[in-house]
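Printed here is entry.txt (compact mmCIF, C-alpha atoms and all ligand atoms):
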# COMPACT_ATOMS: atom_id res chain seq x y z
CA MET A 1 11.32 -27.78 10.23
CA THR A 2 10.47 -27.07 6.60
CA ASP A 3 11.64 -23.89 4.99
CA THR A 4 9.56 -23.67 1.85
CA SER A 5 7.90 -20.33 2.60
CA THR A 6 11.14 -18.37 2.76
CA SER A 7 12.28 -19.55 -0.66
CA ALA A 8 9.25 -17.98 -2.38
CA THR A 9 9.33 -14.24 -2.91
CA LEU A 10 6.79 -12.20 -1.00
CA TYR A 11 5.24 -11.45 -4.40
CA GLN A 12 4.64 -15.19 -4.93
CA GLN A 13 3.26 -15.63 -1.42
CA LEU A 14 0.71 -12.89 -2.16
CA GLY A 15 -0.56 -14.71 -5.25
CA GLU A 16 1.42 -12.67 -7.79
CA GLY A 17 -0.35 -10.00 -9.88
CA ALA A 18 -3.87 -11.35 -9.48
CA GLY A 19 -3.52 -11.83 -5.71
CA ILE A 20 -2.13 -8.32 -5.26
CA ALA A 21 -4.86 -6.80 -7.45
CA ALA A 22 -7.52 -8.41 -5.24
CA VAL A 23 -5.85 -7.14 -2.07
CA VAL A 24 -5.54 -3.62 -3.53
CA ASP A 25 -9.23 -3.67 -4.47
CA THR A 26 -10.18 -4.48 -0.88
CA LEU A 27 -7.67 -1.96 0.47
CA TYR A 28 -9.24 0.95 -1.43
CA ARG A 29 -12.74 -0.20 -0.43
CA LEU A 30 -11.64 0.01 3.22
CA ILE A 31 -9.90 3.37 2.65
CA MET A 32 -12.93 4.91 0.90
CA ASP A 33 -15.21 3.60 3.69
CA ASP A 34 -12.98 5.30 6.28
CA GLU A 35 -14.18 8.88 6.68
CA SER A 36 -10.80 10.04 7.98
CA LEU A 37 -9.01 8.79 4.84
CA ALA A 38 -11.52 9.13 2.00
CA PRO A 39 -11.13 12.94 1.67
CA TYR A 40 -7.50 12.52 0.57
CA PHE A 41 -8.78 10.65 -2.48
CA ALA A 42 -11.72 12.95 -3.27
CA THR A 43 -10.43 13.83 -6.75
CA THR A 44 -8.54 10.59 -7.39
CA ARG A 45 -9.31 8.34 -10.34
CA LEU A 46 -9.47 5.14 -8.32
CA VAL A 47 -9.04 2.73 -11.23
CA GLU A 48 -5.70 4.34 -12.09
CA GLN A 49 -4.71 4.63 -8.44
CA LYS A 50 -5.37 0.93 -7.81
CA ARG A 51 -3.38 -0.01 -10.89
CA HIS A 52 -0.43 2.11 -9.76
CA MET A 53 -0.59 0.76 -6.21
CA ALA A 54 -0.73 -2.85 -7.46
CA LEU A 55 2.28 -2.31 -9.74
CA PHE A 56 4.15 -0.54 -6.95
CA LEU A 57 3.47 -3.39 -4.51
CA ALA A 58 4.46 -6.03 -7.06
CA ALA A 59 7.84 -4.32 -7.50
CA ALA A 60 8.24 -3.78 -3.74
CA THR A 61 7.64 -7.46 -2.94
CA GLY A 62 10.11 -8.93 -5.42
CA GLY A 63 7.85 -9.20 -8.47
CA PRO A 64 8.21 -7.56 -11.87
CA ASN A 65 9.07 -3.88 -11.87
CA GLY A 66 6.29 -2.38 -13.98
CA TYR A 67 5.67 0.70 -11.84
CA LYS A 68 5.93 3.89 -13.89
CA GLY A 69 4.29 6.33 -11.48
CA LEU A 70 5.78 9.08 -9.36
CA ASN A 71 8.23 8.21 -6.63
CA LEU A 72 6.53 8.13 -3.23
CA ASP A 73 7.96 11.45 -2.05
CA ALA A 74 6.53 13.29 -5.05
CA ALA A 75 3.23 11.38 -4.94
CA HIS A 76 2.55 12.43 -1.34
CA ALA A 77 4.22 15.85 -1.13
CA GLY A 78 2.04 18.65 0.19
CA ARG A 79 -0.89 16.40 1.09
CA GLY A 80 -0.54 16.82 4.86
CA ILE A 81 -0.70 13.08 5.54
CA THR A 82 -0.20 12.30 9.26
CA ASP A 83 1.42 9.38 11.09
CA ALA A 84 -2.08 8.33 12.20
CA ASP A 85 -3.25 8.26 8.56
CA PHE A 86 -0.28 6.12 7.64
CA ASP A 87 -0.97 3.70 10.51
CA LYS A 88 -4.62 3.42 9.42
CA VAL A 89 -3.66 2.59 5.84
CA ILE A 90 -1.24 -0.09 7.09
CA ALA A 91 -4.02 -1.51 9.30
CA HIS A 92 -6.43 -1.56 6.35
CA ALA A 93 -3.75 -3.26 4.26
CA ALA A 94 -3.42 -5.94 6.96
CA THR A 95 -7.20 -6.43 6.95
CA ALA A 96 -7.24 -6.68 3.15
CA LEU A 97 -4.45 -9.27 3.22
CA SER A 98 -6.25 -11.23 5.91
CA GLU A 99 -9.52 -11.17 3.93
CA ALA A 100 -7.58 -12.58 0.97
CA GLY A 101 -6.49 -15.52 3.14
CA VAL A 102 -2.86 -14.44 3.59
CA ASP A 103 -1.37 -15.91 6.78
CA SER A 104 -0.48 -13.66 9.69
CA GLU A 105 3.27 -14.21 9.39
CA THR A 106 3.22 -13.02 5.78
CA ILE A 107 1.02 -10.07 6.77
CA SER A 108 3.64 -9.06 9.34
CA THR A 109 6.34 -9.33 6.68
CA VAL A 110 4.37 -7.09 4.30
CA ALA A 111 3.68 -4.54 7.06
CA GLY A 112 7.38 -4.58 7.95
CA ALA A 113 8.26 -3.93 4.31
CA LEU A 114 5.88 -0.95 4.15
CA MET A 115 7.00 0.68 7.43
CA PRO A 116 10.22 2.22 6.02
CA LEU A 117 8.06 4.10 3.48
CA ARG A 118 6.51 6.17 6.29
CA ALA A 119 9.04 8.98 5.90
CA GLN A 120 8.16 9.39 2.22
CA VAL A 121 4.39 9.33 2.78
CA VAL A 122 3.86 11.30 6.00
CA THR A 123 3.97 14.95 5.02
CA ALA A 124 2.14 16.67 7.88
CA SER A 125 4.16 19.47 9.45
CA SER A 126 4.41 17.71 12.85
CA VAL A 127 7.02 15.48 11.28
CA LEU A 128 10.62 16.71 10.96
C1 LIG B 1 2.93 2.42 2.55
C2 LIG B 1 1.95 3.23 2.30
C3 LIG B 1 1.66 3.84 0.95
C4 LIG B 1 2.08 3.46 -0.30
C5 LIG B 1 2.97 2.29 -0.69
C6 LIG B 1 1.48 4.40 -1.24
C7 LIG B 1 1.64 4.36 -2.61
C8 LIG B 1 1.13 5.27 -3.50
C9 LIG B 1 1.32 5.21 -4.93
C10 LIG B 1 2.09 4.11 -5.67
C11 LIG B 1 0.69 6.28 -5.47
C12 LIG B 1 0.55 6.60 -6.97
C13 LIG B 1 1.52 7.64 -7.46
C14 LIG B 1 1.29 7.92 -8.94
O1 LIG B 1 0.19 7.70 -9.45
O2 LIG B 1 2.22 8.38 -9.63
C15 LIG B 1 0.11 7.02 -4.37
C16 LIG B 1 -0.62 8.20 -4.50
C17 LIG B 1 -1.35 8.76 -3.48
N1 LIG B 1 -1.37 8.37 -2.17
FE1 LIG B 1 -0.31 6.88 -1.36
N2 LIG B 1 0.73 5.32 -0.56
C18 LIG B 1 0.80 5.01 0.78
C19 LIG B 1 0.18 5.68 1.82
C20 LIG B 1 -0.70 6.70 1.67
C21 LIG B 1 -1.45 7.33 2.76
C22 LIG B 1 -1.31 6.96 4.24
C23 LIG B 1 -2.24 8.28 2.20
C24 LIG B 1 -3.23 9.21 2.86
C25 LIG B 1 -4.07 8.78 3.74
C26 LIG B 1 -1.97 8.27 0.77
C27 LIG B 1 -2.57 9.11 -0.15
C28 LIG B 1 -2.26 9.17 -1.49
C29 LIG B 1 -2.85 10.13 -2.41
C30 LIG B 1 -3.90 11.18 -2.06
C31 LIG B 1 -2.27 9.88 -3.66
C32 LIG B 1 -2.53 10.61 -4.98
C33 LIG B 1 -3.77 10.06 -5.64
C34 LIG B 1 -4.08 10.83 -6.92
O3 LIG B 1 -3.29 10.74 -7.90
O4 LIG B 1 -5.13 11.49 -6.96
N3 LIG B 1 -1.05 7.30 0.49
N4 LIG B 1 0.40 6.39 -3.19
Representation of the structure as structure tokens:
Amino acid sequence: MTDTSTSATLYQQLGEGAGIAAVVDTLYRLIMDDESLAPYFATTRLVEQKRHMALFLAAATGGPNGYKGLNLDAAHAGRGITDADFDKVIAHAATALSEAGVDSETISTVAGALMPLRAQVVTASSVL
């Protein structure tokens, strides 16, 4: 059994900065087409948001740490984001990765890496 995939960082498996930028582009297209999610971003400057998300994901997947935005708690505080919203964004991220040709094992790894961020993002009062 070969073991080449595990020696590359997740960042490399995603196609580095350019690959992540393409995935983030698709992700925000899916989010803005989703009427349950789009209202959260009604006043958002999407170009900036995509740039921040791409830099955040690069750092989170073992790439360069160029993210200079807010920490995730501060970025999502007071927005009333629910568990269901979070699950939808993760599902859209999986679709975006799949559309970019990322294999399903890597998609599962990315989703697994994002799951622990739920507590920082979900701010609806139903959550402790
Ligand atoms: C793992 C999941 C998520 C990650 C990694 C993430 C990451 C980020 C990042 C990096 C920012 C930028 C902060 C800054 O500019 O300083 C941000 C802002 C934001 N996020 Fe998320 N996010 C996630 C899930 C969600 C979900 C589920 C929602 C709501 C459906 C959401 C709504 C927002 C909004 C409304 C902003 C502020 C946009 C603005 O500046 O106008 N995020 N997020």
Which residues are close to Ala18 (chain A), i.e. within 12 Å by all atoms listed in the file, leaving aside same-chain residues fewer than 4 positions away? Reply as an NGL selection string. :A and (11-14 or 22-25 or 51 or 54-55 or 57-58 or 63 or 100)
Take the residues from that selection and write them out as an mmCIF file, in the coordinates of the input, keeping C-alpha atoms.
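In the end it all went to part-v4.cif:
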data_model
loop_
_atom_site.group_PDB
_atom_site.id
_atom_site.type_symbol
_atom_site.label_atom_id
_atom_site.label_comp_id
_atom_site.auth_asym_id
_atom_site.auth_seq_id
_atom_site.Cartn_x
_atom_site.Cartn_y
_atom_site.Cartn_z
ATOM 1 C CA TYR A 11 5.240 -11.450 -4.400
ATOM 2 C CA GLN A 12 4.640 -15.190 -4.930
ATOM 3 C CA GLN A 13 3.260 -15.630 -1.420
ATOM 4 C CA LEU A 14 0.710 -12.890 -2.160
ATOM 5 C CA ALA A 22 -7.520 -8.410 -5.240
ATOM 6 C CA VAL A 23 -5.850 -7.140 -2.070
ATOM 7 C CA VAL A 24 -5.540 -3.620 -3.530
ATOM 8 C CA ASP A 25 -9.230 -3.670 -4.470
ATOM 9 C CA ARG A 51 -3.380 -0.010 -10.890
ATOM 10 C CA ALA A 54 -0.730 -2.850 -7.460
ATOM 11 C CA LEU A 55 2.280 -2.310 -9.740
ATOM 12 C CA LEU A 57 3.470 -3.390 -4.510
ATOM 13 C CA ALA A 58 4.460 -6.030 -7.060
ATOM 14 C CA GLY A 63 7.850 -9.200 -8.470
ATOM 15 C CA ALA A 100 -7.580 -12.580 0.970
#
Selection near Met115 (chain A), 12 Å with only C-alpha atoms, sequence-local residues under 2 positions removed, as a list in words: Asp83, Phe86, Asp87, Val89, Ile90, Ala91, Ala93, Ser108, Thr109, Val110, Ala111, Gly112, Ala113, Leu117, Arg118, Ala119, Gln120, Val121 and Val122 of chain A
Show me a table, sorted first by chain and then by increasing residue number, of the residues of chain A having an atom at most 6 Å from ligand LIG 1 (chain B), each with its shortest atom pair and the distance in Å to one decimal, counting all atoms listed in the file and written as a tab-separated table.
residue	atom	partner	partner_atom	distance
A:Leu37	CA	B:LIG1	C25	5.1
A:Tyr40	CA	B:LIG1	C30	4.7
A:Phe41	CA	B:LIG1	C30	4.9
A:Thr43	CA	B:LIG1	O4	5.8
A:Thr44	CA	B:LIG1	O4	3.6
A:Gln49	CA	B:LIG1	C12	5.8
A:His52	CA	B:LIG1	C10	5.2
A:Met53	CA	B:LIG1	C10	4.3
A:Phe56	CA	B:LIG1	C10	5.2
A:Gly69	CA	B:LIG1	O2	3.5
A:Leu70	CA	B:LIG1	O2	3.6
A:Ala75	CA	B:LIG1	C13	4.8
A:His76	CA	B:LIG1	N1	5.7
A:Ile81	CA	B:LIG1	C24	5.3
A:Asp85	CA	B:LIG1	C22	4.9
A:Phe86	CA	B:LIG1	C22	3.7
A:Val89	CA	B:LIG1	C22	5.2
A:Leu114	CA	B:LIG1	C1	4.8
A:Leu117	CA	B:LIG1	C1	5.5
A:Val121	CA	B:LIG1	C19	5.7
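Counting only C-alpha atoms, the residue from A:Thr123, A:Thr26, A:Thr82, A:Thr106 that sits nearest to Thr61 (chain A) is A:Thr106.
Our summary of the geometry notes that CA of Thr95 (chain A) is positioned 8.7 Å from CA of Leu30 (chain A).
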Best match for closeness to Gly78 (chain A) among A:Ala124, A:Leu10, A:Val47, A:Val102, counting all atoms listed in the file: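 Going through A:Ala124, A:Leu10, A:Val47, A:Val102 one by one, the smallest distance to Gly78 (chain A) is for A:Ala124.
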Could you check the closest approach to Ser98 (chain A) for each of A:Leu27, A:Glu48, A:Pro64, A:Ala8 and tell me which residue wins, using only C-alpha atoms? A:Leu27
Just the number, please: distance in Å from CA of Ala42 (chain A) to CA of Gly80 (chain A), one decimal. 14.4 Å
Just give me the gap between CA of Lys88 (chain A) and CA of Ala38 (chain A) in Å, one decimal is fine.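 Those two atoms sit 11.6 Å apart.
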Test item: axis-aligned box, all listed atoms of region 87-98 of chain A, 3 Å on each side, centre and edges in Å rounded to one decimal, as JSON:
{"center_x": -4.1, "center_y": -3.8, "center_z": 6.8, "size_x": 12.3, "size_y": 20.9, "size_z": 13.4}
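Remark: for Thr9 (chain A), the closest of the candidate residues A:Ser36, A:Arg45, A:Ala96, A:Ala60 is A:Ala60 (distances computed over all atoms listed in the file).
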Using the partial input, fill out region 74-108 of chain A with N, CA and C atoms; write the result as a compact mmCIF listing (two decimals), keeping the file's coordinate frame.
# COMPACT_ATOMS: atom_id res chain seq x y z
N ALA A 74 7.27 12.36 -4.17
CA ALA A 74 6.53 13.29 -5.05
C ALA A 74 5.03 13.01 -5.01
N ALA A 75 4.65 11.74 -4.93
CA ALA A 75 3.23 11.38 -4.94
C ALA A 75 2.50 11.93 -3.71
N HIS A 76 3.22 12.05 -2.59
CA HIS A 76 2.55 12.43 -1.34
C HIS A 76 2.90 13.83 -0.85
N ALA A 77 3.79 14.51 -1.55
CA ALA A 77 4.22 15.85 -1.13
C ALA A 77 3.04 16.80 -1.03
N GLY A 78 3.03 17.60 0.03
CA GLY A 78 2.04 18.65 0.19
C GLY A 78 0.64 18.18 0.53
N ARG A 79 0.46 16.91 0.82
CA ARG A 79 -0.89 16.40 1.09
C ARG A 79 -1.23 16.42 2.58
N GLY A 80 -0.26 16.71 3.43
CA GLY A 80 -0.54 16.82 4.86
C GLY A 80 -0.92 15.50 5.51
N ILE A 81 -0.38 14.42 5.01
CA ILE A 81 -0.70 13.08 5.54
C ILE A 81 0.00 12.90 6.89
N THR A 82 -0.74 12.43 7.90
CA THR A 82 -0.20 12.30 9.26
C THR A 82 0.27 10.87 9.53
N ASP A 83 1.01 10.72 10.64
CA ASP A 83 1.42 9.38 11.09
C ASP A 83 0.19 8.51 11.33
N ALA A 84 -0.86 9.11 11.91
CA ALA A 84 -2.08 8.33 12.20
C ALA A 84 -2.72 7.84 10.91
N ASP A 85 -2.72 8.68 9.87
CA ASP A 85 -3.25 8.26 8.56
C ASP A 85 -2.45 7.07 8.04
N PHE A 86 -1.14 7.19 8.14
CA PHE A 86 -0.28 6.12 7.64
C PHE A 86 -0.59 4.82 8.37
N ASP A 87 -0.69 4.91 9.72
CA ASP A 87 -0.97 3.70 10.51
C ASP A 87 -2.31 3.08 10.11
N LYS A 88 -3.30 3.94 9.82
CA LYS A 88 -4.62 3.42 9.42
C LYS A 88 -4.54 2.69 8.09
N VAL A 89 -3.79 3.25 7.15
CA VAL A 89 -3.66 2.59 5.84
C VAL A 89 -2.95 1.24 6.00
N ILE A 90 -1.93 1.19 6.85
CA ILE A 90 -1.24 -0.09 7.09
C ILE A 90 -2.21 -1.09 7.72
N ALA A 91 -3.03 -0.62 8.67
CA ALA A 91 -4.02 -1.51 9.30
C ALA A 91 -5.04 -2.01 8.28
N HIS A 92 -5.48 -1.13 7.39
CA HIS A 92 -6.43 -1.56 6.35
C HIS A 92 -5.75 -2.55 5.39
N ALA A 93 -4.48 -2.32 5.12
CA ALA A 93 -3.75 -3.26 4.26
C ALA A 93 -3.70 -4.64 4.93
N ALA A 94 -3.46 -4.66 6.24
CA ALA A 94 -3.42 -5.94 6.96
C ALA A 94 -4.78 -6.63 6.90
N THR A 95 -5.85 -5.85 7.05
CA THR A 95 -7.20 -6.43 6.95
C THR A 95 -7.45 -6.99 5.55
N ALA A 96 -7.04 -6.23 4.54
CA ALA A 96 -7.24 -6.68 3.15
C ALA A 96 -6.48 -7.97 2.88
N LEU A 97 -5.26 -8.05 3.40
CA LEU A 97 -4.45 -9.27 3.22
C LEU A 97 -5.11 -10.44 3.94
N SER A 98 -5.60 -10.18 5.13
CA SER A 98 -6.25 -11.23 5.91
C SER A 98 -7.52 -11.72 5.21
N GLU A 99 -8.30 -10.79 4.67
CA GLU A 99 -9.52 -11.17 3.93
C GLU A 99 -9.20 -12.02 2.70
N ALA A 100 -8.00 -11.81 2.14
CA ALA A 100 -7.58 -12.58 0.97
C ALA A 100 -7.01 -13.94 1.36
N GLY A 101 -6.96 -14.21 2.68
CA GLY A 101 -6.49 -15.52 3.14
C GLY A 101 -4.99 -15.61 3.35
N VAL A 102 -4.31 -14.45 3.36
CA VAL A 102 -2.86 -14.44 3.59
C VAL A 102 -2.61 -14.71 5.08
N ASP A 103 -1.62 -15.54 5.38
CA ASP A 103 -1.37 -15.91 6.78
C ASP A 103 -0.73 -14.75 7.54
N SER A 104 -0.87 -14.81 8.88
CA SER A 104 -0.48 -13.66 9.69
C SER A 104 1.02 -13.40 9.64
N GLU A 105 1.82 -14.42 9.46
CA GLU A 105 3.27 -14.21 9.39
C GLU A 105 3.62 -13.40 8.13
N THR A 106 2.96 -13.75 7.02
CA THR A 106 3.22 -13.02 5.78
C THR A 106 2.69 -11.59 5.89
N ILE A 107 1.55 -11.42 6.57
CA ILE A 107 1.02 -10.07 6.77
C ILE A 107 2.02 -9.21 7.54
N SER A 108 2.63 -9.80 8.57
CA SER A 108 3.64 -9.06 9.34
C SER A 108 4.83 -8.69 8.46
